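Here is final-v5.json, consisting of JSON, C-alpha atoms:
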```json
[["chain", "number", "residue", "atom", "x", "y", "z"],
["A", 1301, "MET", "CA", 30.65, 100.83, 31.56],
["A", 1302, "GLY", "CA", 31.08, 97.23, 32.71],
["A", 1303, "ILE", "CA", 34.40, 95.71, 33.65],
["A", 1304, "ILE", "CA", 34.36, 93.59, 30.51],
["A", 1305, "ASP", "CA", 34.47, 96.73, 28.36],
["A", 1306, "LYS", "CA", 37.55, 97.87, 30.23],
["A", 1307, "LEU", "CA", 39.54, 94.88, 29.00],
["A", 1308, "ASN", "CA", 42.06, 96.16, 26.52],
["A", 1309, "LYS", "CA", 41.37, 94.87, 23.02],
["A", 1310, "ASP", "CA", 45.08, 95.18, 22.15],
["A", 1311, "PHE", "CA", 45.86, 92.43, 24.64],
["A", 1312, "GLU", "CA", 43.30, 89.92, 23.45],
["A", 1313, "SER", "CA", 45.85, 87.61, 21.83],
["A", 1314, "ARG", "CA", 47.92, 85.18, 23.89],
["A", 1315, "VAL", "CA", 51.07, 86.16, 22.04],
["A", 1316, "ARG", "CA", 50.63, 89.83, 22.90],
["A", 1317, "LEU", "CA", 49.94, 88.94, 26.53],
["A", 1318, "GLY", "CA", 53.14, 86.90, 26.49],
["A", 1319, "ILE", "CA", 55.24, 89.69, 24.98],
["A", 1320, "MET", "CA", 53.93, 92.19, 27.54],
["A", 1321, "SER", "CA", 54.40, 89.79, 30.48],
["A", 1322, "ILE", "CA", 58.01, 89.13, 29.53],
["A", 1323, "LEU", "CA", 58.77, 92.81, 29.06],
["A", 1324, "MET", "CA", 57.18, 93.72, 32.41],
["A", 1325, "VAL", "CA", 59.87, 91.74, 34.28],
["A", 1326, "ASN", "CA", 62.85, 92.25, 31.94],
["A", 1327, "GLU", "CA", 64.41, 95.34, 30.46],
["A", 1328, "TRP", "CA", 65.54, 94.72, 26.86],
["A", 1329, "ILE", "CA", 64.73, 91.34, 25.30],
["A", 1330, "ASP", "CA", 65.94, 90.51, 21.81],
["A", 1331, "PHE", "CA", 63.93, 88.93, 19.01],
["A", 1332, "THR", "CA", 65.47, 85.44, 19.24],
["A", 1333, "GLU", "CA", 65.02, 85.16, 22.98],
["A", 1334, "MET", "CA", 61.44, 86.43, 22.78],
["A", 1335, "LYS", "CA", 60.70, 83.89, 20.06],
["A", 1336, "THR", "CA", 62.08, 80.94, 22.07],
["A", 1337, "LEU", "CA", 60.40, 82.04, 25.28],
["A", 1338, "LEU", "CA", 57.02, 82.27, 23.58],
["A", 1339, "ASN", "CA", 57.67, 79.27, 21.35],
["A", 1340, "ILE", "CA", 56.29, 80.97, 18.21],
["A", 1341, "THR", "CA", 57.42, 81.62, 14.63],
["A", 1342, "ASP", "CA", 59.31, 84.67, 13.33],
["A", 1343, "GLY", "CA", 56.33, 85.96, 11.39],
["A", 1344, "ASN", "CA", 53.97, 85.56, 14.28],
["A", 1345, "LEU", "CA", 56.22, 87.51, 16.62],
["A", 1346, "ALA", "CA", 56.90, 90.20, 14.00],
["A", 1347, "SER", "CA", 53.21, 90.91, 13.35],
["A", 1348, "HIS", "CA", 52.23, 91.03, 17.03],
["A", 1349, "SER", "CA", 55.20, 93.15, 18.02],
["A", 1350, "THR", "CA", 54.43, 95.61, 15.22],
["A", 1351, "ALA", "CA", 50.87, 95.93, 16.51],
["A", 1352, "LEU", "CA", 52.10, 96.61, 20.04],
["A", 1353, "GLU", "CA", 54.62, 99.11, 18.71],
["A", 1354, "LYS", "CA", 51.87, 100.95, 16.80],
["A", 1355, "ALA", "CA", 49.86, 101.19, 20.01],
["A", 1356, "GLU", "CA", 53.01, 102.67, 21.60],
["A", 1357, "TYR", "CA", 53.07, 99.95, 24.22],
["A", 1358, "ILE", "CA", 56.55, 98.76, 23.33],
["A", 1359, "GLU", "CA", 59.73, 100.34, 22.05],
["A", 1360, "VAL", "CA", 61.64, 98.58, 19.27],
["A", 1361, "LYS", "CA", 65.39, 99.01, 18.86],
["A", 1362, "LYS", "CA", 67.18, 97.85, 15.72],
["A", 1363, "GLU", "CA", 70.95, 97.67, 15.69],
["A", 1364, "PHE", "CA", 73.83, 95.77, 14.15],
["A", 1365, "VAL", "CA", 75.93, 93.36, 16.17],
["A", 1366, "GLY", "CA", 78.86, 92.74, 13.87],
["A", 1367, "LYS", "CA", 77.11, 92.12, 10.56],
["A", 1368, "LYS", "CA", 73.92, 90.66, 12.00],
["A", 1369, "PRO", "CA", 70.88, 92.83, 12.57],
["A", 1370, "LYS", "CA", 69.44, 92.60, 16.05],
["A", 1371, "THR", "CA", 65.98, 93.67, 17.15],
["A", 1372, "SER", "CA", 65.20, 94.25, 20.82],
["A", 1373, "TYR", "CA", 62.04, 95.17, 22.67],
["A", 1374, "LYS", "CA", 61.29, 97.19, 25.76],
["A", 1375, "VAL", "CA", 58.00, 98.17, 27.35],
["A", 1376, "THR", "CA", 57.05, 101.88, 27.35],
["A", 1377, "ASP", "CA", 55.53, 103.71, 30.34],
["A", 1378, "ARG", "CA", 52.26, 103.82, 28.47],
["A", 1379, "GLY", "CA", 52.42, 100.06, 27.83],
["A", 1380, "ARG", "CA", 53.26, 99.34, 31.46],
["A", 1381, "ALA", "CA", 50.26, 101.33, 32.70],
["A", 1382, "ALA", "CA", 47.90, 99.79, 30.13],
["A", 1383, "PHE", "CA", 49.03, 96.27, 30.92],
["A", 1384, "LYS", "CA", 48.69, 96.79, 34.68],
["A", 1385, "GLU", "CA", 45.17, 98.03, 34.18],
["A", 1386, "HIS", "CA", 44.39, 95.03, 31.98],
["A", 1387, "VAL", "CA", 45.65, 92.59, 34.62],
["A", 1388, "ASN", "CA", 43.68, 94.42, 37.32],
["A", 1389, "SER", "CA", 40.49, 94.14, 35.26],
["A", 1390, "LEU", "CA", 41.11, 90.43, 34.67],
["A", 1391, "GLU", "CA", 41.59, 89.90, 38.39],
["A", 1392, "LYS", "CA", 38.44, 91.87, 39.21],
["A", 1393, "LEU", "CA", 36.48, 89.79, 36.74],
["A", 1394, "MET", "CA", 37.70, 86.60, 38.37],
["A", 1395, "LYS", "CA", 36.72, 87.84, 41.83],
["A", 1396, "SER", "CA", 33.27, 89.10, 40.85],
["A", 1397, "LYS", "CA", 32.19, 85.66, 39.67],
["B", 1341, "MET", "CA", 34.67, 83.66, 28.92],
["B", 1342, "ASN", "CA", 35.54, 83.22, 32.58],
["B", 1343, "GLN", "CA", 37.70, 80.24, 31.68],
["B", 1344, "LYS", "CA", 39.61, 82.33, 29.14],
["B", 1345, "HIS", "CA", 40.37, 85.06, 31.67],
["B", 1346, "GLN", "CA", 41.61, 82.50, 34.15],
["B", 1347, "GLU", "CA", 43.91, 81.05, 31.49],
["B", 1348, "ASP", "CA", 45.09, 84.54, 30.49],
["B", 1349, "LEU", "CA", 46.14, 85.24, 34.07],
["B", 1350, "SER", "CA", 48.01, 81.99, 34.49],
["B", 1351, "HIS", "CA", 49.66, 82.52, 31.09],
["B", 1352, "ILE", "CA", 50.86, 85.96, 32.25],
["B", 1353, "ARG", "CA", 52.21, 84.50, 35.47],
["B", 1354, "SER", "CA", 54.02, 81.64, 33.78],
["B", 1355, "MET", "CA", 55.57, 83.93, 31.14],
["B", 1356, "MET", "CA", 56.87, 86.28, 33.80],
["B", 1357, "GLU", "CA", 58.32, 83.37, 35.76],
["B", 1358, "ARG", "CA", 59.82, 81.68, 32.73],
["B", 1359, "SER", "CA", 61.50, 84.80, 31.43],
["B", 1360, "SER", "CA", 62.88, 86.17, 34.68],
["B", 1361, "ARG", "CA", 64.12, 83.07, 36.46],
["B", 1362, "PHE", "CA", 66.47, 80.27, 35.56],
["B", 1363, "ILE", "CA", 64.22, 77.27, 36.20],
["B", 1364, "SER", "CA", 66.01, 74.54, 34.27],
["B", 1365, "LEU", "CA", 68.20, 73.62, 37.21],
["B", 1366, "SER", "CA", 67.33, 70.04, 38.07],
["B", 1367, "GLY", "CA", 67.27, 68.69, 41.61],
["B", 1368, "LEU", "CA", 69.39, 65.83, 40.32],
["B", 1369, "SER", "CA", 72.23, 68.31, 39.74],
["B", 1370, "GLY", "CA", 72.22, 68.96, 43.47],
["B", 1371, "VAL", "CA", 72.17, 65.26, 44.32],
["B", 1372, "PHE", "CA", 75.12, 64.47, 42.05],
["B", 1373, "ALA", "CA", 77.10, 67.53, 43.13],
["B", 1374, "GLY", "CA", 76.55, 66.37, 46.70],
["B", 1375, "LEU", "CA", 77.65, 62.83, 45.89],
["B", 1376, "SER", "CA", 80.83, 64.14, 44.23],
["B", 1377, "ALA", "CA", 81.62, 66.19, 47.34],
["B", 1378, "LEU", "CA", 80.84, 63.26, 49.63],
["B", 1379, "ILE", "CA", 83.08, 60.85, 47.73],
["B", 1380, "GLY", "CA", 85.77, 63.52, 47.37],
["B", 1381, "GLY", "CA", 85.59, 64.31, 51.08],
["B", 1382, "LEU", "CA", 85.95, 60.67, 52.07],
["B", 1383, "TYR", "CA", 88.87, 60.34, 49.65],
["B", 1384, "VAL", "CA", 90.59, 63.31, 51.32],
["B", 1385, "TYR", "CA", 89.97, 61.72, 54.72],
["B", 1386, "GLN", "CA", 91.74, 58.57, 53.46],
["B", 1387, "LEU", "CA", 94.51, 60.75, 52.07],
["B", 1388, "PHE", "CA", 95.13, 62.13, 55.56],
["B", 1389, "LYS", "CA", 95.17, 58.63, 56.96],
["B", 1390, "ILE", "CA", 97.74, 57.42, 54.43],
["B", 1391, "ASN", "CA", 99.90, 60.37, 55.40],
["B", 1392, "GLY", "CA", 99.72, 59.27, 59.03],
["B", 1393, "ILE", "CA", 97.16, 61.83, 60.14],
["B", 1394, "ASN", "CA", 94.02, 60.76, 61.94],
["B", 1395, "TYR", "CA", 91.77, 63.64, 61.03],
["B", 1396, "LEU", "CA", 89.42, 63.30, 63.98],
["B", 1397, "ASP", "CA", 92.29, 63.70, 66.49],
["B", 1398, "GLY", "CA", 92.29, 67.39, 65.75],
["B", 1399, "GLU", "CA", 96.10, 67.56, 65.80],
["B", 1400, "HIS", "CA", 97.12, 68.17, 62.24],
["B", 1401, "ILE", "CA", 98.09, 71.73, 61.78],
["B", 1402, "LEU", "CA", 101.36, 71.05, 59.98],
["B", 1403, "LEU", "CA", 100.76, 70.02, 56.40],
["B", 1404, "ASP", "CA", 103.56, 69.46, 53.93],
["B", 1405, "GLY", "CA", 103.55, 70.92, 50.45],
["B", 1406, "ASN", "CA", 102.87, 67.66, 48.68],
["B", 1407, "LEU", "CA", 99.74, 66.95, 50.66],
["B", 1408, "VAL", "CA", 98.48, 70.50, 50.14],
["B", 1409, "SER", "CA", 98.79, 70.27, 46.37],
["B", 1410, "GLU", "CA", 97.05, 66.89, 46.44],
["B", 1411, "LEU", "CA", 94.24, 68.43, 48.49],
["B", 1412, "ILE", "CA", 93.88, 71.31, 46.06],
["B", 1413, "SER", "CA", 93.74, 68.99, 43.05],
["B", 1414, "SER", "CA", 91.10, 66.78, 44.74],
["B", 1415, "GLY", "CA", 89.11, 69.94, 45.43],
["B", 1416, "LEU", "CA", 89.33, 70.97, 41.78],
["B", 1417, "ILE", "CA", 88.27, 67.53, 40.55],
["B", 1418, "ILE", "CA", 85.23, 67.64, 42.86],
["B", 1419, "LEU", "CA", 84.35, 71.11, 41.59],
["B", 1420, "ILE", "CA", 84.64, 70.11, 37.94],
["B", 1421, "SER", "CA", 82.61, 66.92, 38.32],
["B", 1422, "ALA", "CA", 79.86, 68.78, 40.23],
["B", 1423, "PHE", "CA", 79.83, 71.39, 37.47],
["B", 1424, "VAL", "CA", 79.64, 68.81, 34.67],
["B", 1425, "PHE", "CA", 76.76, 66.99, 36.40],
["B", 1426, "GLY", "CA", 75.02, 70.34, 36.87],
["B", 1427, "ILE", "CA", 75.24, 71.19, 33.17],
["B", 1428, "PHE", "CA", 74.24, 67.69, 32.09],
["B", 1429, "PHE", "CA", 71.03, 67.58, 34.15],
["B", 1430, "THR", "CA", 70.16, 71.17, 33.27],
["B", 1431, "ILE", "CA", 70.33, 70.41, 29.55],
["B", 1432, "ARG", "CA", 68.32, 67.22, 30.09],
["B", 1433, "LYS", "CA", 65.59, 69.02, 32.02],
["B", 1434, "SER", "CA", 65.34, 71.93, 29.58],
["B", 1435, "ARG", "CA", 65.01, 69.53, 26.64],
["B", 1436, "LYS", "CA", 62.29, 67.60, 28.43],
["B", 1437, "TYR", "CA", 60.20, 70.70, 29.26],
["B", 1438, "ASN", "CA", 61.19, 72.65, 26.15],
["B", 1439, "LEU", "CA", 62.68, 75.51, 28.17],
["B", 1440, "PRO", "CA", 65.27, 77.85, 26.66],
["B", 1441, "ILE", "CA", 68.58, 77.71, 28.58],
["B", 1442, "TRP", "CA", 70.77, 80.62, 27.53],
["B", 1443, "THR", "CA", 68.41, 83.45, 28.44],
["B", 1444, "THR", "CA", 68.87, 86.85, 30.07],
["B", 1445, "ALA", "CA", 67.76, 85.29, 33.37],
["B", 1446, "THR", "CA", 70.42, 82.58, 33.13],
["B", 1447, "LYS", "CA", 73.15, 85.11, 32.46],
["B", 1448, "LYS", "CA", 72.03, 87.26, 35.38],
["B", 1449, "MET", "CA", 71.87, 84.23, 37.67],
["B", 1450, "LEU", "CA", 75.38, 83.10, 36.70],
["B", 1451, "PHE", "CA", 76.79, 86.60, 37.14],
["B", 1452, "ASN", "CA", 75.25, 86.96, 40.59],
["B", 1453, "LEU", "CA", 76.55, 83.54, 41.55],
["B", 1454, "ALA", "CA", 80.01, 84.07, 40.09],
["B", 1455, "VAL", "CA", 80.94, 87.36, 41.77],
["B", 1456, "PRO", "CA", 80.92, 86.13, 45.42],
["B", 1457, "LEU", "CA", 82.38, 82.78, 44.30],
["B", 1458, "ALA", "CA", 85.30, 84.41, 42.48],
["B", 1459, "ILE", "CA", 86.07, 86.66, 45.44],
["B", 1460, "GLY", "CA", 85.79, 83.65, 47.76],
["B", 1461, "GLY", "CA", 88.17, 81.75, 45.51],
["B", 1462, "ILE", "CA", 90.75, 84.54, 45.60],
["B", 1463, "PHE", "CA", 90.31, 84.77, 49.37],
["B", 1464, "CYS", "CA", 91.02, 81.03, 49.70],
["B", 1465, "LEU", "CA", 94.08, 81.28, 47.45],
["B", 1466, "ALA", "CA", 95.39, 84.03, 49.73],
["B", 1467, "LEU", "CA", 94.73, 81.83, 52.79],
["B", 1468, "ILE", "CA", 96.64, 78.96, 51.15],
["B", 1469, "TYR", "CA", 99.43, 81.35, 50.13],
["B", 1470, "HIS", "CA", 99.77, 82.49, 53.75],
["B", 1471, "LYS", "CA", 99.49, 78.87, 54.93],
["B", 1472, "ILE", "CA", 96.32, 79.52, 56.95],
["B", 1473, "PHE", "CA", 94.78, 76.23, 55.81],
["B", 1474, "ILE", "CA", 92.44, 75.85, 58.75],
["B", 1475, "LEU", "CA", 90.26, 78.74, 57.54],
["B", 1476, "VAL", "CA", 89.81, 77.42, 53.98],
["B", 1477, "ALA", "CA", 86.81, 75.17, 54.70],
["B", 1478, "PRO", "CA", 84.79, 77.79, 56.64],
["B", 1479, "THR", "CA", 85.61, 80.37, 53.95],
["B", 1480, "THR", "CA", 84.39, 78.20, 51.07],
["B", 1481, "LEU", "CA", 81.13, 77.48, 52.94],
["B", 1482, "ILE", "CA", 80.52, 81.13, 53.79],
["B", 1483, "PHE", "CA", 81.23, 82.52, 50.32],
["B", 1484, "TYR", "CA", 79.18, 79.76, 48.69],
["B", 1485, "GLY", "CA", 76.26, 80.56, 50.99],
["B", 1486, "LEU", "CA", 76.50, 84.25, 50.10],
["B", 1487, "ALA", "CA", 76.69, 83.41, 46.38],
["B", 1488, "LEU", "CA", 73.51, 81.31, 46.58],
["B", 1489, "ILE", "CA", 71.59, 84.02, 48.41],
["B", 1490, "ASN", "CA", 72.79, 86.54, 45.83],
["B", 1491, "ALA", "CA", 71.66, 84.37, 42.90],
["B", 1492, "GLU", "CA", 68.30, 83.52, 44.47],
["B", 1493, "LYS", "CA", 66.33, 86.30, 42.75],
["B", 1494, "TYR", "CA", 67.08, 84.83, 39.31],
["B", 1495, "THR", "CA", 66.30, 81.19, 40.01],
["B", 1496, "PHE", "CA", 64.14, 79.05, 42.33],
["B", 1497, "SER", "CA", 63.76, 81.10, 45.50],
["B", 1498, "ASP", "CA", 64.28, 77.90, 47.55],
["B", 1499, "VAL", "CA", 67.99, 78.23, 46.77],
["B", 1500, "LYS", "CA", 68.25, 80.86, 49.48],
["B", 1501, "TYR", "CA", 67.44, 78.28, 52.19],
["B", 1502, "LEU", "CA", 70.38, 76.20, 51.02],
["B", 1503, "GLY", "CA", 72.44, 79.41, 51.12],
["B", 1504, "PHE", "CA", 71.42, 80.18, 54.70],
["B", 1505, "CYS", "CA", 72.23, 76.62, 55.80],
["B", 1506, "GLN", "CA", 75.72, 76.89, 54.25],
["B", 1507, "LEU", "CA", 76.25, 80.24, 55.97],
["B", 1508, "VAL", "CA", 75.23, 78.92, 59.39],
["B", 1509, "LEU", "CA", 77.42, 75.86, 58.92],
["B", 1510, "GLY", "CA", 80.35, 78.02, 57.78],
["B", 1511, "CYS", "CA", 80.00, 80.29, 60.82],
["B", 1512, "ILE", "CA", 79.84, 77.34, 63.23],
["B", 1513, "SER", "CA", 82.91, 75.78, 61.62],
["B", 1514, "LEU", "CA", 84.86, 79.00, 62.30],
["B", 1515, "PHE", "CA", 84.71, 78.05, 65.99],
["B", 1516, "PHE", "CA", 85.64, 74.39, 65.47],
["B", 1517, "ILE", "CA", 88.91, 74.94, 63.67],
["B", 1518, "GLY", "CA", 90.57, 71.69, 62.66],
["B", 1519, "TYR", "CA", 87.33, 69.95, 61.77],
["B", 1520, "GLY", "CA", 86.91, 71.80, 58.49],
["B", 1521, "LEU", "CA", 86.71, 68.63, 56.42],
["B", 1522, "ILE", "CA", 83.75, 67.35, 58.45],
["B", 1523, "PHE", "CA", 81.84, 70.61, 58.02],
["B", 1524, "TRP", "CA", 82.82, 70.70, 54.38],
["B", 1525, "ILE", "CA", 81.40, 67.21, 53.79],
["B", 1526, "ILE", "CA", 78.17, 68.15, 55.60],
["B", 1527, "GLY", "CA", 77.79, 71.41, 53.65],
["B", 1528, "PHE", "CA", 78.81, 70.48, 50.14],
["B", 1529, "GLY", "CA", 77.91, 66.79, 50.38],
["B", 1530, "ILE", "CA", 74.93, 66.11, 52.61],
["B", 1531, "LEU", "CA", 73.15, 69.49, 52.29],
["B", 1532, "HIS", "CA", 73.37, 69.35, 48.48],
["B", 1533, "ILE", "CA", 71.95, 65.84, 48.38],
["B", 1534, "LEU", "CA", 69.09, 66.79, 50.73],
["B", 1535, "TYR", "CA", 68.36, 69.98, 48.80],
["B", 1536, "GLY", "CA", 68.50, 68.15, 45.48],
["B", 1537, "LEU", "CA", 66.06, 65.48, 46.64],
["B", 1538, "ILE", "CA", 63.61, 68.08, 48.00],
["B", 1539, "MET", "CA", 63.77, 70.09, 44.76],
["B", 1540, "PHE", "CA", 63.42, 67.01, 42.61],
["B", 1541, "LYS", "CA", 60.24, 66.02, 44.44],
["B", 1542, "LYS", "CA", 58.82, 69.54, 44.51],
["B", 1543, "TYR", "CA", 59.32, 70.49, 40.84],
["B", 1544, "LYS", "CA", 59.07, 67.13, 39.18]]
```

Take the structure in the file and give it back as structure tokens.
Amino acid sequence: MGIIDKLNKDFESRVRLGIMSILMVNEWIDFTEMKTLLNITDGNLASHSTALEKAEYIEVKKEFVGKKPKTSYKVTDRGRAAFKEHVNSLEKLMKSK
Amino acid sequence: MNQKHQEDLSHIRSMMERSSRFISLSGLSGVFAGLSALIGGLYVYQLFKINGINYLDGEHILLDGNLVSELISSGLIILISAFVFGIFFTIRKSRKYNLPIWTTATKKMLFNLAVPLAIGGIFCLALIYHKIFILVAPTTLIFYGLALINAEKYTFSDVKYLGFCQLVLGCISLFFIGYGLIFWIIGFGILHILYGLIMFKKYK
């Protein structure tokens, strides 16, 4: 199996890479902050975060602050390991060429 | 393909940086904070002169209550103007580069900065209360230096060099009691201006 095949398909999109990068260096990040950091729309963030949640790479917490609903994200152990491996493969690819 | 991987990696790096550090602080904030301190310091020097004290003589241990309250209010005005300039240039820079300001990183940075500063402030109030005025300048420099080093992990890491310089200056000034104002002007005035100019050039 070549290194290219090792690249995780779940991380192909820039948005997903961004979500994972932010969660690697922060604990809980809420929806609004994630959206402004990535500079994307609500819908865009919602669809990509759902995909990452389905893959069990991130944990999603929904709660109420006063009357407003608040969604926050956190990376799971599984997500952390998968992302690290993805970055390692990317780095290896860069070196081999 | 190679190009895309390269871009992916730099995207990852920039997202990590952007989300974990407060990077909207403009070098100009430092320059203007320094200028406020410099002008304030010179004003205080004049204030001494008007009250018949030549600061550089080194013989001015007895201060009357009026002068002390005037000194404290000048200090507060300097602090407020430095703070206002800081906020102004931060907002300007974040608008220009489209960076979010009120993030988790910003809150963490402010908290880490505020704890040593608040304790330093209380310490100085106690010194003033006990009329140990000569230790106020070294104390502000030392606690400010510690605050900067503490906040460094949530903002530009260069801030720690400014912190170390303030610490060294504060420690030296402990041994040159009576020249606090001079050290204070060097630390809060000149070092801030130098730091601000270096940062402004580096991260323009």

Could you give me, as a tab-separated table, every chain B residue with an atom at most 12 Å from chain A, plus its closest atom pair and distance in Å to one decimal, counting all atoms listed in the file, rows ordered by chain then number?
```
residue	atom	partner	partner_atom	distance
B:Met1341	CA	A:Ile1304	CA	10.1
B:Asn1342	CA	A:Met1394	CA	7.0
B:Gln1343	CA	A:Met1394	CA	9.2
B:Lys1344	CA	A:Leu1390	CA	9.9
B:His1345	CA	A:Leu1390	CA	6.2
B:Gln1346	CA	A:Met1394	CA	7.1
B:Glu1347	CA	A:Arg1314	CA	9.5
B:Asp1348	CA	A:Arg1314	CA	7.2
B:Leu1349	CA	A:Leu1390	CA	7.3
B:Ser1350	CA	A:Gly1318	CA	10.7
B:His1351	CA	A:Gly1318	CA	7.2
B:Ile1352	CA	A:Ser1321	CA	5.5
B:Arg1353	CA	A:Ser1321	CA	7.6
B:Ser1354	CA	A:Ser1321	CA	8.8
B:Met1355	CA	A:Ile1322	CA	6.0
B:Met1356	CA	A:Ile1322	CA	5.3
B:Glu1357	CA	A:Ile1322	CA	8.5
B:Arg1358	CA	A:Leu1337	CA	7.5
B:Ser1359	CA	A:Ile1322	CA	5.9
B:Ser1360	CA	A:Val1325	CA	6.3
B:Arg1361	CA	A:Val1325	CA	9.9
B:Tyr1437	CA	A:Asn1339	CA	11.9
B:Asn1438	CA	A:Asn1339	CA	8.9
B:Leu1439	CA	A:Leu1337	CA	7.5
B:Pro1440	CA	A:Thr1336	CA	6.4
B:Ile1441	CA	A:Thr1336	CA	9.8
B:Trp1442	CA	A:Glu1333	CA	8.6
B:Thr1443	CA	A:Glu1333	CA	6.7
B:Thr1444	CA	A:Ile1329	CA	7.7
B:Ala1445	CA	A:Asn1326	CA	8.6
B:Thr1446	CA	A:Glu1333	CA	11.8
B:Lys1448	CA	A:Asn1326	CA	11.0
B:Lys1493	CA	A:Val1325	CA	12.0
B:Tyr1494	CA	A:Val1325	CA	11.2
```

* To do: Please identify all polymer residues within 8 Å of Leu1514 of chain B, counting all atoms listed in the file, omitting same-chain residues fewer than 4 positions from it, and present them as a list in words.
  =>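 Near neighbours after the sequence-gap exclusion: Leu1475, Pro1478 and Gly1510 of chain B.
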
Selection to disk with C-alpha atoms, as a JSON list (two decimals), in the coordinates of the input:
```json
[["chain", "number", "residue", "atom", "x", "y", "z"],
["B", 1475, "LEU", "CA", 90.26, 78.74, 57.54],
["B", 1478, "PRO", "CA", 84.79, 77.79, 56.64],
["B", 1510, "GLY", "CA", 80.35, 78.02, 57.78]]
```

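Minimum distance to Leu1411 of chain B across B:Val1424, B:Ile1533, B:Leu1382, B:Ile1482 (counting only C-alpha atoms) occurs at B:Leu1382.
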
* To do: Could you tell me how far atom CA of Leu1502 of chain B lies from atom CA of Gly1415 of chain B, in Å and to one decimal?
  =>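 According to the coordinates, atom CA of Leu1502 of chain B and atom CA of Gly1415 of chain B are separated by 20.5 Å.
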
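With distances taken over all atoms listed in the file, A:Asn1308 is the one residue among A:Asn1308, A:Glu1353, A:Val1375, A:Glu1363 lying closest to Asn1388 of chain A.
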
* If I put a ball of radius 12 Å at (79.1, 66.7, 60.3) in the file's coordinates, which residues poke into it when counting all atoms listed in the file, written as JSON, numbers by chain? -> {"B": [1378, 1381, 1396, 1509, 1510, 1512, 1513, 1516, 1519, 1520, 1521, 1522, 1523, 1524, 1525, 1526, 1527, 1528, 1529, 1530, 1531]}

Output C-alpha atoms for every residue in the selection just made, as a tab-separated table (two decimals), in the coordinates of the input.
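Saved file result-v6.tsv follows:
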```
chain	number	residue	atom	x	y	z
B	1378	LEU	CA	80.84	63.26	49.63
B	1381	GLY	CA	85.59	64.31	51.08
B	1396	LEU	CA	89.42	63.30	63.98
B	1509	LEU	CA	77.42	75.86	58.92
B	1510	GLY	CA	80.35	78.02	57.78
B	1512	ILE	CA	79.84	77.34	63.23
B	1513	SER	CA	82.91	75.78	61.62
B	1516	PHE	CA	85.64	74.39	65.47
B	1519	TYR	CA	87.33	69.95	61.77
B	1520	GLY	CA	86.91	71.80	58.49
B	1521	LEU	CA	86.71	68.63	56.42
B	1522	ILE	CA	83.75	67.35	58.45
B	1523	PHE	CA	81.84	70.61	58.02
B	1524	TRP	CA	82.82	70.70	54.38
B	1525	ILE	CA	81.40	67.21	53.79
B	1526	ILE	CA	78.17	68.15	55.60
B	1527	GLY	CA	77.79	71.41	53.65
B	1528	PHE	CA	78.81	70.48	50.14
B	1529	GLY	CA	77.91	66.79	50.38
B	1530	ILE	CA	74.93	66.11	52.61
B	1531	LEU	CA	73.15	69.49	52.29
```

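Taking atom CA of Lys1370 of chain A as the reference point, atom CA of Leu1345 of chain A is found at 14.2 Å.
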
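Proximity of A:Phe1383, A:Phe1364, A:Tyr1373, A:Phe1331 to Asp1310 of chain A, computed with only C-alpha atoms, is greatest for A:Phe1383.
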
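For the pair atom CA of Ile1363 of chain B and atom CA of Phe1496 of chain B, the separation is 6.4 Å.
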
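Considering the residues B:Ala1491, B:Ala1373, B:Ile1459, B:Leu1486 and counting all atoms listed in the file, Gly1503 of chain B has its shortest atom-to-atom contact with B:Leu1486.
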
* Could you give me, as a VMD selection string, the residues within 10 Å of Tyr1357 of chain A, counting only C-alpha atoms and dropping anything in the same chain fewer than 5 positions from it? => chain A and resid 1310 1320 1349 1351 to 1352 1374 to 1383

* Neighbours of segment 1463-1473 of chain B within 12 Å (only C-alpha atoms; same-chain residues fewer than 3 positions away dropped), as a VMD selection string? -> chain B and resid 1400 to 1405 1407 to 1409 1411 to 1412 1456 to 1460 1476 to 1484 1517 to 1521
